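S.K.: Handing over entry08.pdb, PDB, C-alpha atoms.
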```
ATOM      1  CA  MET G   1       1.696 -23.567   0.525  1.00  0.00           C
ATOM      2  CA  SER G   2       3.430 -23.011  -2.784  1.00  0.00           C
ATOM      3  CA  LEU G   3       0.254 -21.549  -4.299  1.00  0.00           C
ATOM      4  CA  LEU G   4      -0.063 -19.205  -1.320  1.00  0.00           C
ATOM      5  CA  LEU G   5       3.539 -18.074  -1.838  1.00  0.00           C
ATOM      6  CA  VAL G   6       2.798 -17.406  -5.514  1.00  0.00           C
ATOM      7  CA  CYS G   7      -0.160 -15.212  -4.556  1.00  0.00           C
ATOM      8  CA  ILE G   8       1.718 -13.306  -1.847  1.00  0.00           C
ATOM      9  CA  SER G   9       4.814 -12.825  -4.016  1.00  0.00           C
ATOM     10  CA  SER G  10       2.666 -11.607  -6.918  1.00  0.00           C
ATOM     11  CA  ILE G  11       1.172  -8.927  -4.691  1.00  0.00           C
ATOM     12  CA  ILE G  12       4.572  -7.909  -3.301  1.00  0.00           C
ATOM     13  CA  VAL G  13       6.293  -7.708  -6.705  1.00  0.00           C
ATOM     14  CA  GLN G  14       3.838  -5.033  -7.849  1.00  0.00           C
ATOM     15  CA  ASP G  15       5.251  -2.595  -5.269  1.00  0.00           C
ATOM     16  CA  VAL G  16       8.929  -3.358  -5.912  1.00  0.00           C
ATOM     17  CA  PRO G  17      10.734  -1.075  -8.371  1.00  0.00           C
ATOM     18  CA  GLN G  18      12.776  -2.493 -11.257  1.00  0.00           C
ATOM     19  CA  GLY G  19      16.031  -4.058 -10.097  1.00  0.00           C
ATOM     20  CA  ASN G  20      17.633  -7.155  -8.641  1.00  0.00           C
ATOM     21  CA  LEU G  21      15.036  -7.613  -5.897  1.00  0.00           C
ATOM     22  CA  ARG G  22      12.283  -7.766  -8.494  1.00  0.00           C
ATOM     23  CA  TYR G  23      14.183 -10.514 -10.362  1.00  0.00           C
ATOM     24  CA  VAL G  24      14.531 -12.505  -7.144  1.00  0.00           C
ATOM     25  CA  ILE G  25      10.830 -12.221  -6.367  1.00  0.00           C
ATOM     26  CA  ASN G  26       9.938 -13.213  -9.936  1.00  0.00           C
ATOM     27  CA  GLY G  27      12.204 -16.243  -9.515  1.00  0.00           C
ATOM     28  CA  ILE G  28      10.360 -17.153  -6.307  1.00  0.00           C
ATOM     29  CA  ILE G  29       7.051 -16.858  -8.160  1.00  0.00           C
ATOM     30  CA  ILE G  30       8.170 -19.073 -11.037  1.00  0.00           C
ATOM     31  CA  PHE G  31       9.754 -21.703  -8.770  1.00  0.00           C
ATOM     32  CA  ASN G  32       6.692 -21.982  -6.544  1.00  0.00           C
ATOM     33  CA  LEU G  33       4.293 -22.043  -9.489  1.00  0.00           C
ATOM     34  CA  VAL G  34       6.206 -24.920 -11.104  1.00  0.00           C
ATOM     35  CA  ASN G  35       6.348 -26.670  -7.724  1.00  0.00           C
ATOM     36  CA  PHE G  36       2.582 -26.309  -7.300  1.00  0.00           C
ATOM     37  CA  LEU G  37       1.808 -27.513 -10.815  1.00  0.00           C
ATOM     38  CA  PHE G  38       4.106 -30.523 -10.480  1.00  0.00           C
ATOM     39  CA  THR G  39       2.651 -31.646  -7.141  1.00  0.00           C
ATOM     40  CA  ALA G  40      -0.920 -31.054  -8.359  1.00  0.00           C
ATOM     41  CA  ILE G  41      -0.540 -33.698 -11.094  1.00  0.00           C
ATOM     42  CA  PRO G  42      -2.284 -36.848  -9.863  1.00  0.00           C
ATOM     43  CA  MET G  43       0.430 -39.529  -9.973  1.00  0.00           C
ATOM     44  CA  THR G  44       2.430 -41.923  -7.877  1.00  0.00           C
ATOM     45  CA  TYR G  45       6.025 -40.747  -7.756  1.00  0.00           C
ATOM     46  CA  PRO G  46       8.500 -43.111  -9.455  1.00  0.00           C
ATOM     47  CA  ARG G  47      11.085 -45.009  -7.395  1.00  0.00           C
ATOM     48  CA  TRP G  48      13.954 -42.828  -8.642  1.00  0.00           C
ATOM     49  CA  PHE G  49      12.453 -39.867  -6.762  1.00  0.00           C
ATOM     50  CA  GLY G  50      14.271 -41.067  -3.648  1.00  0.00           C
ATOM     51  CA  PRO G  51      12.264 -40.591  -0.440  1.00  0.00           C
ATOM     52  CA  LEU G  52       9.089 -39.738  -2.404  1.00  0.00           C
ATOM     53  CA  GLY G  53       9.322 -42.872  -4.556  1.00  0.00           C
ATOM     54  CA  GLY G  54       6.125 -44.901  -4.492  1.00  0.00           C
ATOM     55  CA  ARG G  55       4.136 -42.232  -2.653  1.00  0.00           C
ATOM     56  CA  PRO G  56       1.093 -40.437  -4.092  1.00  0.00           C
ATOM     57  CA  SER G  57       1.316 -36.796  -5.070  1.00  0.00           C
ATOM     58  CA  ASP G  58      -0.925 -34.186  -3.467  1.00  0.00           C
ATOM     59  CA  GLY G  59      -3.035 -34.148  -6.623  1.00  0.00           C
ATOM     60  CA  LEU G  60      -3.595 -37.911  -6.421  1.00  0.00           C
ATOM     61  CA  GLN G  61      -4.531 -37.676  -2.745  1.00  0.00           C
ATOM     62  CA  LEU G  62      -7.002 -34.885  -3.481  1.00  0.00           C
ATOM     63  CA  LEU G  63      -8.493 -36.848  -6.373  1.00  0.00           C
ATOM     64  CA  SER G  64      -8.913 -39.885  -4.118  1.00  0.00           C
ATOM     65  CA  LEU G  65     -10.684 -37.782  -1.508  1.00  0.00           C
ATOM     66  CA  LEU G  66     -13.009 -36.273  -4.108  1.00  0.00           C
ATOM     67  CA  LYS G  67     -13.875 -39.725  -5.479  1.00  0.00           C
ATOM     68  CA  MET G  68     -14.815 -40.959  -2.000  1.00  0.00           C
ATOM     69  CA  LYS G  69     -17.577 -38.340  -1.649  1.00  0.00           C
TER      70      LYS G  69
END
```
Is it possible to express this structure as structure tokens?

M.R.:
Amino acid sequence: MSLLLVCISSIIVQDVPQGNLRYVINGIIIFNLVNFLFTAIPMTYPRWFGPLGGRPSDGLQLLSLLKMK
């Protein structure tokens, strides 16, 4: 979902003139890109991550699925 938002926001920002709205959309792009990259790293989240602690990231789940084939 975050990668989809990066793609959509990148298309939208091209039609927005310079100004505050463009900065907001660029912020959305950067936030979602970092979010995507962080969740794509194959790892088990550490315990200090709160509710995610001990759970596999999306990247680790995808890697596990690819190894099964």

S.K.: For atom CA of Leu37 of chain G and atom CA of Gly59 of chain G, quote the distance in Å rounded to one decimal.

M.R.: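 One can read the atom CA of Leu37 of chain G to atom CA of Gly59 of chain G distance as 9.2 Å.
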
S.K.: With all atoms listed in the file counted, which protein, DNA or RNA residues have an atom no more than 12 Å from (-1.8, -32.5, -12.2) in the file frame? Please answer as a list of chain:residue names.

M.R.: G:Val34, G:Asn35, G:Phe36, G:Leu37, G:Phe38, G:Thr39, G:Ala40, G:Ile41, G:Pro42, G:Met43, G:Thr44, G:Pro56, G:Ser57, G:Asp58, G:Gly59, G:Leu60, G:Gln61, G:Leu62, G:Leu63

S.K.: Output C-alpha atoms for every residue in the selection just made, as a PDB file, in the frame of the given file.

M.R.:
```pdb
ATOM      1  CA  VAL G  34       6.206 -24.920 -11.104  1.00  0.00           C
ATOM      2  CA  ASN G  35       6.348 -26.670  -7.724  1.00  0.00           C
ATOM      3  CA  PHE G  36       2.582 -26.309  -7.300  1.00  0.00           C
ATOM      4  CA  LEU G  37       1.808 -27.513 -10.815  1.00  0.00           C
ATOM      5  CA  PHE G  38       4.106 -30.523 -10.480  1.00  0.00           C
ATOM      6  CA  THR G  39       2.651 -31.646  -7.141  1.00  0.00           C
ATOM      7  CA  ALA G  40      -0.920 -31.054  -8.359  1.00  0.00           C
ATOM      8  CA  ILE G  41      -0.540 -33.698 -11.094  1.00  0.00           C
ATOM      9  CA  PRO G  42      -2.284 -36.848  -9.863  1.00  0.00           C
ATOM     10  CA  MET G  43       0.430 -39.529  -9.973  1.00  0.00           C
ATOM     11  CA  THR G  44       2.430 -41.923  -7.877  1.00  0.00           C
ATOM     12  CA  PRO G  56       1.093 -40.437  -4.092  1.00  0.00           C
ATOM     13  CA  SER G  57       1.316 -36.796  -5.070  1.00  0.00           C
ATOM     14  CA  ASP G  58      -0.925 -34.186  -3.467  1.00  0.00           C
ATOM     15  CA  GLY G  59      -3.035 -34.148  -6.623  1.00  0.00           C
ATOM     16  CA  LEU G  60      -3.595 -37.911  -6.421  1.00  0.00           C
ATOM     17  CA  GLN G  61      -4.531 -37.676  -2.745  1.00  0.00           C
ATOM     18  CA  LEU G  62      -7.002 -34.885  -3.481  1.00  0.00           C
ATOM     19  CA  LEU G  63      -8.493 -36.848  -6.373  1.00  0.00           C
TER      20      LEU G  63
END
```

S.K.: Mind giving me the straight-line distance from atom CA of Ile30 of chain G to atom CA of Ile11 of chain G in Å, one decimal?

M.R.: 13.9 Å

S.K.: Report the distance between atom CA of Arg47 of chain G and atom CA of Met1 of chain G in Å, rounded to one decimal place.

M.R.: 24.7 Å

S.K.: Which centre and edge lengths in Å to one decimal define the box along x, y and z that fits every listed atom of segment 44-56 of chain G plus 3 Å per side, as JSON?

M.R.:
```
{"center_x": 7.7, "center_y": -42.4, "center_z": -4.9, "size_x": 19.2, "size_y": 11.3, "size_z": 15.0}
```

S.K.: For Leu5 of chain G, which residue out of G:Leu52, G:Ser64, G:Pro46, G:Gly27 is the nearest one, using only C-alpha atoms?

M.R.: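 Under the stated criterion, the closest residue is G:Gly27.
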
S.K.: Compile the contact shell of Val24 of chain G as a PyMOL selection string: residues with an atom at most 12 Å away, counting only C-alpha atoms, same-chain residues fewer than 6 positions apart removed.

M.R.: chain G and resi 9-10+12-13+16+18+30-31
